[in-house]
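Working notes, beginning with the structure itself.
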Number of protein chains: 2
Amino acid sequence: MTFMFTLAAQDQQARAGSFTTPHGTIKTPVFAPVGTQATVKAASPRVLKELGVTLVLANTYHLYLRPGDELIRDMGGLHRFMAWDGPILTDSGGFQVFSLTETRKIDDDGVTFVSHIDGSKHRFTPEKSIAIQENLGADIIMCFDECAAPNDRPAVEDALRRTHAWAERCLKAKTRSEQALFGIVQGGIYPDLRAHSAEVLRGYDFPGYAIGGLAVGETKAEMYATLEHTVPLLPEDKPRYLMGVGSPEDLVHSVARGVDIFDCVLPTRLARHGAALTRRGRMNIRNQKYAADPNPLEPGCTCYTCTTFSRAYLRHLVKANEILGHNLLTLHNIHMLETLMREMRRAIVDGTFAEYAADFLATYNAVGDADPHPLPATLMR
Amino acid sequence: MTFMFTLAAQDQQARAGSFTTPHGTIKTPVFAPVGTQATVKAASPRVLKELGVTLVLANTYHLYLRPGDELIRDMGGLHRFMAWDGPILTDSGGFQVFSLTETRKIDDDGVTFVSHIDGSKHRFTPEKSIAIQENLGADIIMCFDECAAPNDRPAVEDALRRTHAWAERCLKAKTRSEQALFGIVQGGIYPDLRAHSAEVLRGYDFPGYAIGGLAVGETKAEMYATLEHTVPLLPEDKPRYLMGVGSPEDLVHSVARGVDIFDCVLPTRLARHGAALTRRGRMNIRNQKYAADPNPLEPGCTCYTCTTFSRAYLRHLVKANEILGHNLLTLHNIHMLETLMREMRRAIVDGTFAEYAADFLATYNAVGDADPHPLPATLMR
């Protein structure tokens, strides 16, 4: 079977697995950096390989507009176009289109919207989203869904109805067997709606299930509670993907609650703003206190940035708007998250995840306020 | 001897040599990419190593202003600060200060100028320039000179008088034996002034000689004629450095006339504007005709960019303002020039430089107008 998900180990809710795709096997839990425009910002494919990245995400909305999904298809598909021969996941374009709140119009058939690049008018439907994603040719593609504000119940109900109808249309529209189409469970912060959504989507037997509509405005407590309630409603033998989540604390809390796959722009976006992800929280390298600091960004880190350059030099690069600063912070930030994922997997296999997670969070939160969010009770042995 | 220059071969005027510095031996002819702010823009030190770069230039003016030469000294010097363990050359800061035509004031003792960053007032003298360059700690440092408009004879004469007086002051101010201080021959396009300058500076027995005041507004014919006249007036047993020159055609023409060392922002600046240096002239990757072109930037090129990515993808990156496009074009452009230098050296050693140069220029100029500039008569066997 092309898309096989096997569990190597489970430690309470936390899972270590493998997901086989046409472009390689992804060991889970996994974090996917985001390559919005068919490039993970400021990181070359060979750097991503060096960092142990096994999955990258690309954005259907952006690539449809520029350079165009048909061009990418004609150039041999997204893997060849961006020279990434590992697994790729594309989103449906829905999230980005719905984010154009000023200019988009939703109906039961689809969404009409205006390009942020040139103001031209376009329309996405479930069928169109699948057609674009088939042109792009990622290994994992996503159902076109509607993501409403998570705590606006009437809006969530309305979106849920469409999301379920659109999931069925996506399945019907899909023609390529070498792509896995994941369903997306919606329902905001409402347990009954999440349960209903999980039940409906399980009926379609997707090869993987995403939990959508989180990390979009609800509190962290609401997000973690929703995960605790929803994840157990998903099939155990399929990967679970939490979309758009990637802060170190959220990764730990979500793996603890049984999530397998993540993506987020955080490591690349922070780098663009001169910030680093470290085991002791975030670090703004522009800070004057690093001006003459000979230490690496994160002592003990084994990445190229930390084994080669000082904080003083990185600060100089960022202050002088030098591209190398952006490259080097990006490299470190992705390395930090990839290392975290590998360590969590190892701890799950070793049966020591609760200790690992507690230790990590204690250190991570030591700088600012203590993390008010407990790990799931099942993990507190 | 720390700074030993030996000639491995000479083919008419063209020379293949080796210059030994405390941070390694530079095989000449050599092209040095420019690391204005202690970073070759969009290229990491490991990429420079991969490309065979053996010498990089850094700018005294920029580093004095930001992050400050004393900070760099305190951080262990420029090599450690920018993590480049190979040879480094710093300019004197003079050229950049004189370029601030609106705000600088020259007198016989030095130059007062205003920072382009914050408008603060500063003063460079020969002694100050050497002190800064000693703090930076490059292997090759340059005399503080005045570069006048090359065809304004009264201005050139005035500048020459100062340049010679300042050369002596630089020599006296210098304290570090592990740095080679190069003299700079000025004189614009005037053979008698160039001859006078070469004679005066030879008297100081510098370990290397630069030809300054070229590629600053004169015609190519004037530049080549000045080189043909001036280079033979320099000591044969010392390296000759043509400052600020780096287009492929100028490199070939200047090596043909006996120059050993070059630096230029061209490969990195062109990359920033989406342009590539190829053996068939310059190429603007933004051009619509590359939109669906599956070929590499330069077919046959062995660099990472050309062996991995298509013109279509590079165009997409540049059009979308993605940093990776800047990184990849920079990598290719430096590779192109470094390869050209290695090939010229090989041809000199093999005694086939005239044929190599003629072939290269014929192909390079095939796209646009034919190169109207002949190689030196001595090479036309």
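Letters A, B, ... mark the chains of the structure tokens in the order given; residue numbers begin at 1 per chain; ligand numbers begin at 1, in order shown.
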
Exercise for the section: Find the residues in chain A near chain B: any atom within 8 Å counts, using only C-alpha atoms. Write them as a ChimeraX atom specification. Expected result: /A:37,39,41-44,66-67,71,74-75,81-83,292,294,308-310,313,316-317,320,322-324

Pull C-alpha atoms from the residues just selected and write them as a PDB file, in the first residue's frame.
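The resulting file, selection39.pdb, is reproduced below:
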ATOM      1  CA  GLN A  37       6.001  29.892  -2.611  1.00  0.00           C
ATOM      2  CA  THR A  39      10.672  27.514  -1.172  1.00  0.00           C
ATOM      3  CA  LYS A  41      12.093  30.961   3.031  1.00  0.00           C
ATOM      4  CA  ALA A  42      15.889  31.413   3.166  1.00  0.00           C
ATOM      5  CA  ALA A  43      16.664  27.671   3.228  1.00  0.00           C
ATOM      6  CA  SER A  44      17.872  25.624   0.259  1.00  0.00           C
ATOM      7  CA  ARG A  66       2.280  32.546  -9.006  1.00  0.00           C
ATOM      8  CA  PRO A  67       3.845  30.894 -10.929  1.00  0.00           C
ATOM      9  CA  LEU A  71       3.267  25.764 -15.143  1.00  0.00           C
ATOM     10  CA  ASP A  74       4.424  21.282 -17.002  1.00  0.00           C
ATOM     11  CA  MET A  75       7.802  21.588 -15.252  1.00  0.00           C
ATOM     12  CA  PHE A  81      10.263  22.355  -9.657  1.00  0.00           C
ATOM     13  CA  MET A  82      11.567  23.129  -6.177  1.00  0.00           C
ATOM     14  CA  ALA A  83      14.157  20.322  -6.257  1.00  0.00           C
ATOM     15  CA  ALA A 292      29.721  41.803  22.081  1.00  0.00           C
ATOM     16  CA  PRO A 294      30.997  35.691  21.772  1.00  0.00           C
ATOM     17  CA  THR A 308      30.313  28.596  13.526  1.00  0.00           C
ATOM     18  CA  PHE A 309      29.076  32.064  14.503  1.00  0.00           C
ATOM     19  CA  SER A 310      28.746  34.220  17.622  1.00  0.00           C
ATOM     20  CA  TYR A 313      28.119  38.426  14.564  1.00  0.00           C
ATOM     21  CA  HIS A 316      25.560  42.528  13.377  1.00  0.00           C
ATOM     22  CA  LEU A 317      24.131  40.702  10.341  1.00  0.00           C
ATOM     23  CA  ALA A 320      22.810  45.469   8.941  1.00  0.00           C
ATOM     24  CA  GLU A 322      22.307  41.127   5.691  1.00  0.00           C
ATOM     25  CA  ILE A 323      20.695  38.115   4.035  1.00  0.00           C
ATOM     26  CA  LEU A 324      23.148  35.752   5.689  1.00  0.00           C
TER      27      LEU A 324
END

List the spatial neighbours of A:Phe113 as a PDB file with N, CA and C atoms, in the first residue's frame - criterion: any atom at most 12 Å away, only C-alpha atoms, same-chain residues fewer than 3 positions off excluded.
ATOM      1  N   TYR A  61      -2.828  28.213  -2.590  1.00  0.00           N
ATOM      2  CA  TYR A  61      -3.262  29.560  -2.972  1.00  0.00           C
ATOM      3  C   TYR A  61      -2.130  30.333  -3.646  1.00  0.00           C
ATOM      4  N   LEU A  65      -1.591  31.228  -7.856  1.00  0.00           N
ATOM      5  CA  LEU A  65      -1.478  32.594  -8.380  1.00  0.00           C
ATOM      6  C   LEU A  65      -0.124  32.835  -9.055  1.00  0.00           C
ATOM      7  N   GLY A  93      -5.740  25.598  -0.016  1.00  0.00           N
ATOM      8  CA  GLY A  93      -5.953  26.974  -0.447  1.00  0.00           C
ATOM      9  C   GLY A  93      -7.077  27.634   0.327  1.00  0.00           C
ATOM     10  N   GLY A  94      -7.889  26.827   0.986  1.00  0.00           N
ATOM     11  CA  GLY A  94      -9.055  27.363   1.678  1.00  0.00           C
ATOM     12  C   GLY A  94      -8.709  28.359   2.766  1.00  0.00           C
ATOM     13  N   GLN A  96      -6.128  30.230   3.285  1.00  0.00           N
ATOM     14  CA  GLN A  96      -5.619  31.525   2.830  1.00  0.00           C
ATOM     15  C   GLN A  96      -6.710  32.363   2.155  1.00  0.00           C
ATOM     16  N   VAL A  97      -7.574  31.677   1.412  1.00  0.00           N
ATOM     17  CA  VAL A  97      -8.656  32.394   0.736  1.00  0.00           C
ATOM     18  C   VAL A  97      -9.635  32.977   1.759  1.00  0.00           C
ATOM     19  N   PHE A  98      -9.953  32.200   2.784  1.00  0.00           N
ATOM     20  CA  PHE A  98     -10.878  32.704   3.798  1.00  0.00           C
ATOM     21  C   PHE A  98     -10.259  33.850   4.594  1.00  0.00           C
ATOM     22  N   SER A  99      -8.909  33.857   4.646  1.00  0.00           N
ATOM     23  CA  SER A  99      -8.230  34.939   5.369  1.00  0.00           C
ATOM     24  C   SER A  99      -8.349  36.279   4.651  1.00  0.00           C
ATOM     25  N   LEU A 100      -8.680  36.245   3.371  1.00  0.00           N
ATOM     26  CA  LEU A 100      -8.876  37.494   2.614  1.00  0.00           C
ATOM     27  C   LEU A 100     -10.252  38.054   2.952  1.00  0.00           C
ATOM     28  N   THR A 101     -10.472  38.330   4.241  1.00  0.00           N
ATOM     29  CA  THR A 101     -11.824  38.627   4.723  1.00  0.00           C
ATOM     30  C   THR A 101     -12.505  39.783   3.998  1.00  0.00           C
ATOM     31  N   GLU A 102     -11.722  40.717   3.497  1.00  0.00           N
ATOM     32  CA  GLU A 102     -12.314  41.899   2.868  1.00  0.00           C
ATOM     33  C   GLU A 102     -12.869  41.613   1.477  1.00  0.00           C
ATOM     34  N   THR A 103     -12.268  40.637   0.796  1.00  0.00           N
ATOM     35  CA  THR A 103     -12.542  40.532  -0.638  1.00  0.00           C
ATOM     36  C   THR A 103     -13.127  39.191  -1.068  1.00  0.00           C
ATOM     37  N   ARG A 104     -13.314  38.252  -0.146  1.00  0.00           N
ATOM     38  CA  ARG A 104     -13.805  36.940  -0.597  1.00  0.00           C
ATOM     39  C   ARG A 104     -15.293  36.790  -0.285  1.00  0.00           C
ATOM     40  N   LYS A 105     -15.938  35.940  -1.093  1.00  0.00           N
ATOM     41  CA  LYS A 105     -17.368  35.688  -0.897  1.00  0.00           C
ATOM     42  C   LYS A 105     -17.593  34.188  -0.922  1.00  0.00           C
ATOM     43  N   ILE A 106     -18.186  33.676   0.167  1.00  0.00           N
ATOM     44  CA  ILE A 106     -18.386  32.230   0.286  1.00  0.00           C
ATOM     45  C   ILE A 106     -19.821  31.875  -0.085  1.00  0.00           C
ATOM     46  N   ASP A 107     -20.023  30.816  -0.855  1.00  0.00           N
ATOM     47  CA  ASP A 107     -21.350  30.226  -1.024  1.00  0.00           C
ATOM     48  C   ASP A 107     -21.203  28.726  -0.882  1.00  0.00           C
ATOM     49  N   GLY A 110     -18.585  27.215  -3.361  1.00  0.00           N
ATOM     50  CA  GLY A 110     -17.156  27.537  -3.285  1.00  0.00           C
ATOM     51  C   GLY A 110     -16.919  28.952  -2.805  1.00  0.00           C
ATOM     52  N   HIS A 116      -4.141  38.789  -4.046  1.00  0.00           N
ATOM     53  CA  HIS A 116      -3.414  39.830  -3.308  1.00  0.00           C
ATOM     54  C   HIS A 116      -2.282  40.408  -4.152  1.00  0.00           C
ATOM     55  N   ILE A 117      -1.968  39.748  -5.269  1.00  0.00           N
ATOM     56  CA  ILE A 117      -0.844  40.214  -6.096  1.00  0.00           C
ATOM     57  C   ILE A 117      -1.291  41.291  -7.084  1.00  0.00           C
ATOM     58  N   ASP A 118      -2.384  41.006  -7.818  1.00  0.00           N
ATOM     59  CA  ASP A 118      -2.768  41.950  -8.878  1.00  0.00           C
ATOM     60  C   ASP A 118      -4.251  42.317  -8.871  1.00  0.00           C
ATOM     61  N   GLY A 119      -4.983  41.908  -7.822  1.00  0.00           N
ATOM     62  CA  GLY A 119      -6.385  42.294  -7.733  1.00  0.00           C
ATOM     63  C   GLY A 119      -7.311  41.545  -8.683  1.00  0.00           C
ATOM     64  N   SER A 120      -6.785  40.565  -9.390  1.00  0.00           N
ATOM     65  CA  SER A 120      -7.645  39.796 -10.317  1.00  0.00           C
ATOM     66  C   SER A 120      -8.594  38.889  -9.532  1.00  0.00           C
ATOM     67  N   LYS A 121      -9.720  38.537 -10.172  1.00  0.00           N
ATOM     68  CA  LYS A 121     -10.778  37.759  -9.520  1.00  0.00           C
ATOM     69  C   LYS A 121     -10.595  36.270  -9.811  1.00  0.00           C
ATOM     70  N   HIS A 122     -10.828  35.438  -8.791  1.00  0.00           N
ATOM     71  CA  HIS A 122     -10.662  33.990  -8.950  1.00  0.00           C
ATOM     72  C   HIS A 122     -11.730  33.254  -8.153  1.00  0.00           C
ATOM     73  N   ARG A 123     -11.870  31.946  -8.447  1.00  0.00           N
ATOM     74  CA  ARG A 123     -12.844  31.148  -7.707  1.00  0.00           C
ATOM     75  C   ARG A 123     -12.273  29.772  -7.388  1.00  0.00           C
ATOM     76  N   PHE A 124     -12.360  29.403  -6.119  1.00  0.00           N
ATOM     77  CA  PHE A 124     -11.989  28.052  -5.694  1.00  0.00           C
ATOM     78  C   PHE A 124     -13.258  27.297  -5.329  1.00  0.00           C
ATOM     79  N   THR A 125     -13.337  26.049  -5.787  1.00  0.00           N
ATOM     80  CA  THR A 125     -14.360  25.108  -5.344  1.00  0.00           C
ATOM     81  C   THR A 125     -13.607  23.874  -4.862  1.00  0.00           C
TER      82      THR A 125
END

As a CSV table (one decimal) with N, CA and C atoms, in the first residue's frame, which residues of stretch 97-276 of chain B does DSSP assign to alpha helix (DSSP H)?
chain,number,residue,atom,x,y,z
B,97,VAL,N,34.9,56.8,1.4
B,97,VAL,CA,34.7,58.1,2.0
B,97,VAL,C,34.7,59.2,0.9
B,98,PHE,N,35.6,59.0,-0.1
B,98,PHE,CA,35.6,60.0,-1.2
B,98,PHE,C,34.4,60.0,-2.0
B,99,SER,N,33.7,58.8,-2.0
B,99,SER,CA,32.5,58.7,-2.7
B,99,SER,C,31.3,59.5,-2.1
B,126,PRO,N,45.5,58.8,7.4
B,126,PRO,CA,46.3,57.6,7.1
B,126,PRO,C,46.5,56.8,8.4
B,127,GLU,N,46.8,57.5,9.4
B,127,GLU,CA,47.1,56.7,10.7
B,127,GLU,C,45.8,56.1,11.2
B,128,LYS,N,44.7,56.8,11.1
B,128,LYS,CA,43.4,56.2,11.5
B,128,LYS,C,43.1,55.0,10.7
B,129,SER,N,43.2,55.1,9.4
B,129,SER,CA,42.9,54.0,8.5
B,129,SER,C,43.7,52.7,8.9
B,130,ILE,N,45.0,52.9,9.1
B,130,ILE,CA,45.8,51.8,9.5
B,130,ILE,C,45.4,51.2,10.9
B,131,ALA,N,45.1,52.1,11.8
B,131,ALA,CA,44.7,51.6,13.1
B,131,ALA,C,43.4,50.8,13.0
B,132,ILE,N,42.5,51.2,12.2
B,132,ILE,CA,41.2,50.5,12.0
B,132,ILE,C,41.6,49.1,11.4
B,133,GLN,N,42.4,49.2,10.3
B,133,GLN,CA,42.7,47.9,9.6
B,133,GLN,C,43.5,47.0,10.5
B,134,GLU,N,44.3,47.5,11.4
B,134,GLU,CA,44.9,46.6,12.4
B,134,GLU,C,44.0,46.0,13.4
B,135,ASN,N,43.0,46.8,13.7
B,135,ASN,CA,41.9,46.2,14.6
B,135,ASN,C,41.2,45.1,13.9
B,136,LEU,N,40.9,45.3,12.6
B,136,LEU,CA,40.2,44.3,11.8
B,136,LEU,C,41.0,43.1,11.6
B,153,ARG,N,43.2,66.1,-14.9
B,153,ARG,CA,44.6,66.2,-14.6
B,153,ARG,C,45.0,67.0,-13.4
B,154,PRO,N,44.5,68.2,-13.2
B,154,PRO,CA,44.8,68.9,-12.0
B,154,PRO,C,44.4,68.2,-10.7
B,155,ALA,N,43.2,67.6,-10.7
B,155,ALA,CA,42.7,66.9,-9.6
B,155,ALA,C,43.6,65.6,-9.4
B,156,VAL,N,43.9,64.9,-10.4
B,156,VAL,CA,44.8,63.7,-10.3
B,156,VAL,C,46.1,64.1,-9.7
B,157,GLU,N,46.7,65.2,-10.2
B,157,GLU,CA,48.0,65.6,-9.6
B,157,GLU,C,48.0,65.9,-8.2
B,158,ASP,N,46.9,66.6,-7.8
B,158,ASP,CA,46.7,67.0,-6.4
B,158,ASP,C,46.6,65.7,-5.5
B,159,ALA,N,45.7,64.8,-6.0
B,159,ALA,CA,45.5,63.5,-5.3
B,159,ALA,C,46.8,62.7,-5.2
B,160,LEU,N,47.6,62.8,-6.3
B,160,LEU,CA,48.8,62.0,-6.3
B,160,LEU,C,49.8,62.4,-5.2
B,161,ARG,N,49.9,63.7,-5.1
B,161,ARG,CA,50.8,64.3,-4.1
B,161,ARG,C,50.3,63.8,-2.7
B,162,ARG,N,49.0,63.9,-2.4
B,162,ARG,CA,48.5,63.4,-1.1
B,162,ARG,C,48.8,61.9,-1.0
B,163,THR,N,48.4,61.1,-2.0
B,163,THR,CA,48.5,59.7,-2.0
B,163,THR,C,50.0,59.2,-1.6
B,164,HIS,N,51.0,59.9,-2.2
B,164,HIS,CA,52.3,59.6,-1.9
B,164,HIS,C,52.7,59.9,-0.4
B,165,ALA,N,52.3,61.1,0.0
B,165,ALA,CA,52.6,61.5,1.4
B,165,ALA,C,51.9,60.6,2.4
B,166,TRP,N,50.7,60.2,2.0
B,166,TRP,CA,49.9,59.3,2.9
B,166,TRP,C,50.5,57.9,2.9
B,167,ALA,N,51.0,57.5,1.8
B,167,ALA,CA,51.6,56.1,1.8
B,167,ALA,C,52.7,56.0,2.8
B,168,GLU,N,53.5,57.1,2.8
B,168,GLU,CA,54.7,57.1,3.8
B,168,GLU,C,54.1,57.1,5.2
B,169,ARG,N,53.1,57.9,5.5
B,169,ARG,CA,52.5,57.9,6.8
B,169,ARG,C,51.9,56.5,7.2
B,170,CYS,N,51.3,55.9,6.2
B,170,CYS,CA,50.7,54.6,6.5
B,170,CYS,C,51.8,53.6,6.9
B,171,LEU,N,52.9,53.6,6.2
B,171,LEU,CA,54.0,52.7,6.5
B,171,LEU,C,54.5,52.9,7.9
B,172,LYS,N,54.6,54.2,8.2
B,172,LYS,CA,55.1,54.6,9.6
B,172,LYS,C,54.2,54.2,10.7
B,173,ALA,N,52.9,54.3,10.4
B,173,ALA,CA,51.8,54.0,11.4
B,173,ALA,C,51.7,52.5,11.6
B,191,PRO,N,50.0,58.7,-18.5
B,191,PRO,CA,51.2,57.8,-18.4
B,191,PRO,C,52.3,58.4,-17.5
B,192,ASP,N,52.6,59.7,-17.7
B,192,ASP,CA,53.7,60.3,-16.9
B,192,ASP,C,53.4,60.3,-15.4
B,193,LEU,N,52.1,60.5,-15.1
B,193,LEU,CA,51.8,60.5,-13.6
B,193,LEU,C,51.8,59.1,-13.1
B,194,ARG,N,51.3,58.1,-13.8
B,194,ARG,CA,51.4,56.7,-13.4
B,194,ARG,C,52.9,56.3,-13.2
B,195,ALA,N,53.7,56.7,-14.2
B,195,ALA,CA,55.1,56.3,-14.1
B,195,ALA,C,55.8,56.9,-12.8
B,196,HIS,N,55.4,58.2,-12.6
B,196,HIS,CA,55.9,58.9,-11.4
B,196,HIS,C,55.5,58.2,-10.1
B,197,SER,N,54.2,57.8,-10.1
B,197,SER,CA,53.6,57.2,-8.9
B,197,SER,C,54.3,55.8,-8.7
B,198,ALA,N,54.4,55.1,-9.8
B,198,ALA,CA,55.0,53.7,-9.6
B,198,ALA,C,56.5,53.9,-9.1
B,199,GLU,N,57.2,54.9,-9.6
B,199,GLU,CA,58.6,55.1,-9.1
B,199,GLU,C,58.6,55.4,-7.6
B,200,VAL,N,57.8,56.4,-7.2
B,200,VAL,CA,57.8,56.8,-5.8
B,200,VAL,C,57.4,55.6,-4.9
B,201,LEU,N,56.4,54.8,-5.3
B,201,LEU,CA,55.9,53.8,-4.4
B,201,LEU,C,56.9,52.6,-4.4
B,202,ARG,N,57.6,52.3,-5.5
B,202,ARG,CA,58.6,51.3,-5.5
B,202,ARG,C,59.7,51.5,-4.5
B,220,LYS,N,36.8,51.8,-21.4
B,220,LYS,CA,37.5,50.5,-21.3
B,220,LYS,C,38.9,50.6,-22.0
B,221,ALA,N,38.9,51.3,-23.1
B,221,ALA,CA,40.1,51.4,-23.9
B,221,ALA,C,41.2,52.2,-23.0
B,222,GLU,N,40.7,53.2,-22.3
B,222,GLU,CA,41.6,53.9,-21.4
B,222,GLU,C,42.1,53.1,-20.3
B,223,MET,N,41.2,52.3,-19.7
B,223,MET,CA,41.6,51.4,-18.6
B,223,MET,C,42.7,50.4,-19.1
B,224,TYR,N,42.4,49.7,-20.2
B,224,TYR,CA,43.3,48.7,-20.7
B,224,TYR,C,44.7,49.3,-21.1
B,225,ALA,N,44.6,50.5,-21.7
B,225,ALA,CA,45.9,51.2,-22.1
B,225,ALA,C,46.7,51.6,-20.9
B,226,THR,N,46.0,52.1,-19.8
B,226,THR,CA,46.7,52.4,-18.6
B,226,THR,C,47.3,51.2,-18.0
B,227,LEU,N,46.6,50.1,-18.0
B,227,LEU,CA,47.2,48.8,-17.5
B,227,LEU,C,48.5,48.4,-18.3
B,228,GLU,N,48.4,48.5,-19.6
B,228,GLU,CA,49.5,48.1,-20.4
B,228,GLU,C,50.7,49.0,-20.1
B,229,HIS,N,50.5,50.2,-19.8
B,229,HIS,CA,51.6,51.1,-19.5
B,229,HIS,C,52.1,50.9,-18.1
B,230,THR,N,51.2,50.8,-17.2
B,230,THR,CA,51.6,50.9,-15.7
B,230,THR,C,52.1,49.5,-15.2
B,248,PRO,N,33.7,39.6,-16.3
B,248,PRO,CA,34.5,38.6,-17.0
B,248,PRO,C,35.5,39.1,-18.0
B,249,GLU,N,35.0,40.0,-18.8
B,249,GLU,CA,35.9,40.5,-19.9
B,249,GLU,C,37.0,41.3,-19.3
B,250,ASP,N,36.8,42.1,-18.3
B,250,ASP,CA,37.8,42.9,-17.7
B,250,ASP,C,38.9,42.0,-17.0
B,251,LEU,N,38.4,40.9,-16.4
B,251,LEU,CA,39.3,40.0,-15.7
B,251,LEU,C,40.3,39.4,-16.8
B,252,VAL,N,39.7,39.0,-17.9
B,252,VAL,CA,40.6,38.3,-18.9
B,252,VAL,C,41.5,39.4,-19.5
B,253,HIS,N,41.0,40.6,-19.8
B,253,HIS,CA,41.9,41.6,-20.4
B,253,HIS,C,43.0,42.0,-19.4
B,254,SER,N,42.7,42.0,-18.1
B,254,SER,CA,43.6,42.5,-17.1
B,254,SER,C,44.7,41.4,-16.8
B,255,VAL,N,44.2,40.2,-16.7
B,255,VAL,CA,45.2,39.1,-16.5
B,255,VAL,C,46.2,39.1,-17.7
B,256,ALA,N,45.6,39.3,-18.9
B,256,ALA,CA,46.5,39.3,-20.1
B,256,ALA,C,47.5,40.4,-20.0
B,266,LEU,N,30.5,43.0,-8.3
B,266,LEU,CA,29.7,42.6,-9.5
B,266,LEU,C,28.9,41.3,-9.3
B,267,PRO,N,29.5,40.2,-8.9
B,267,PRO,CA,28.8,38.9,-8.9
B,267,PRO,C,27.6,38.9,-7.8
B,268,THR,N,27.9,39.6,-6.7
B,268,THR,CA,26.9,39.6,-5.7
B,268,THR,C,25.8,40.7,-6.0
B,269,ARG,N,26.2,41.8,-6.6
B,269,ARG,CA,25.3,42.9,-6.9
B,269,ARG,C,24.3,42.4,-8.0
B,270,LEU,N,24.9,41.8,-9.0
B,270,LEU,CA,24.1,41.3,-10.1
B,270,LEU,C,23.0,40.3,-9.6
B,271,ALA,N,23.5,39.4,-8.7
B,271,ALA,CA,22.5,38.4,-8.2
B,271,ALA,C,21.4,39.1,-7.5
B,272,ARG,N,21.7,40.2,-6.8
B,272,ARG,CA,20.6,40.9,-6.1
B,272,ARG,C,19.6,41.5,-7.1

Exercise for the section: Tell me, as a list in words, which residues lie within 10 Å of A:Asn284, counting only C-alpha atoms; anything in the same chain fewer than 4 positions away does not count. Expected result: Leu270, Ala271, His273, Gly274, Ala275, Ala276, Leu277, Gln288, Tyr290 and Arg315 of chain A

Exercise for the section: Could you jot down the atom CA of B:Thr363 to atom CA of B:Gly213 separation for me, Å, one decimal place? Expected result: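 That distance, rounded to one decimal, is 29.2 Å.
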
Exercise for the section: Considering only C-alpha atoms, return as a list in words whatever protein or nucleic-acid residues lie within 8 Å of B:Arg280, sequence-local ones (same chain, fewer than 3 positions apart) excluded. Expected result: Thr363, Tyr364, Asn365, Ala366 and Val367 of chain B

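The environment of A:Gly351 within 8 Å, counting only C-alpha atoms and disregarding residues fewer than 4 places along the same chain, consists of Gln10, Asp11 and Ala347 of chain A.
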
Handout entry: Among the residues B:Arg73, B:His62, B:Arg176, B:Lys27, the one that comes closest to B:Pro87 [using only C-alpha atoms]
Key =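 Closest to B:Pro87, using only C-alpha atoms: B:Lys27.
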
Handout entry: Close residues, A:Glu218 itself excluded, 9 Å, only C-alpha atoms, min 4 positions apart in chain, as a list in words
Key =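 Near neighbours after the sequence-gap exclusion: Ala149, Pro150, Asn151, Gly188, Ile189, Leu214, Glu222 and Met223 of chain A.
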
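Note that the spacing between atom CA of B:Gly52 and atom CA of B:Leu340 amounts to 11.5 Å.
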
Practice task
Return as a list in words the full set of residues in stretch 253-364 of chain A whose backbone-based DSSP assignment is strand (DSSP E or B).
Solution key: Ile261, Phe262, Asp263, Cys264, Ala275, Ala276, Leu277, Thr278, Gly281, Arg282, Met283 and Asn284 of chain A

Print the selection's residues with C-alpha atoms to a file, as a tab-separated table (two decimals), in the first residue's frame.
chain	number	residue	atom	x	y	z
A	261	ILE	CA	2.08	15.83	12.02
A	262	PHE	CA	2.58	19.60	12.28
A	263	ASP	CA	3.41	22.55	10.07
A	264	CYS	CA	4.03	26.20	10.85
A	275	ALA	CA	14.41	36.02	16.54
A	276	ALA	CA	15.68	32.60	17.48
A	277	LEU	CA	13.92	29.59	18.96
A	278	THR	CA	15.95	28.11	21.79
A	281	GLY	CA	12.47	30.39	25.04
A	282	ARG	CA	12.63	32.90	22.23
A	283	MET	CA	15.59	35.19	21.82
A	284	ASN	CA	15.68	38.50	19.98

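Minimum distance to A:Phe19 across A:Gln179, A:Gly217, A:Pro239, A:Gly77 (counting only C-alpha atoms) occurs at A:Pro239.
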
Practice task
Determine, counting only C-alpha atoms, which protein, DNA and RNA residues have an atom within 9 Å of an atom of B:Leu181; residues of the same chain fewer than 5 positions away are not included. Present the result as a ChimeraX atom specification.
Solution key: /B:139-143,170-171,174,206-209
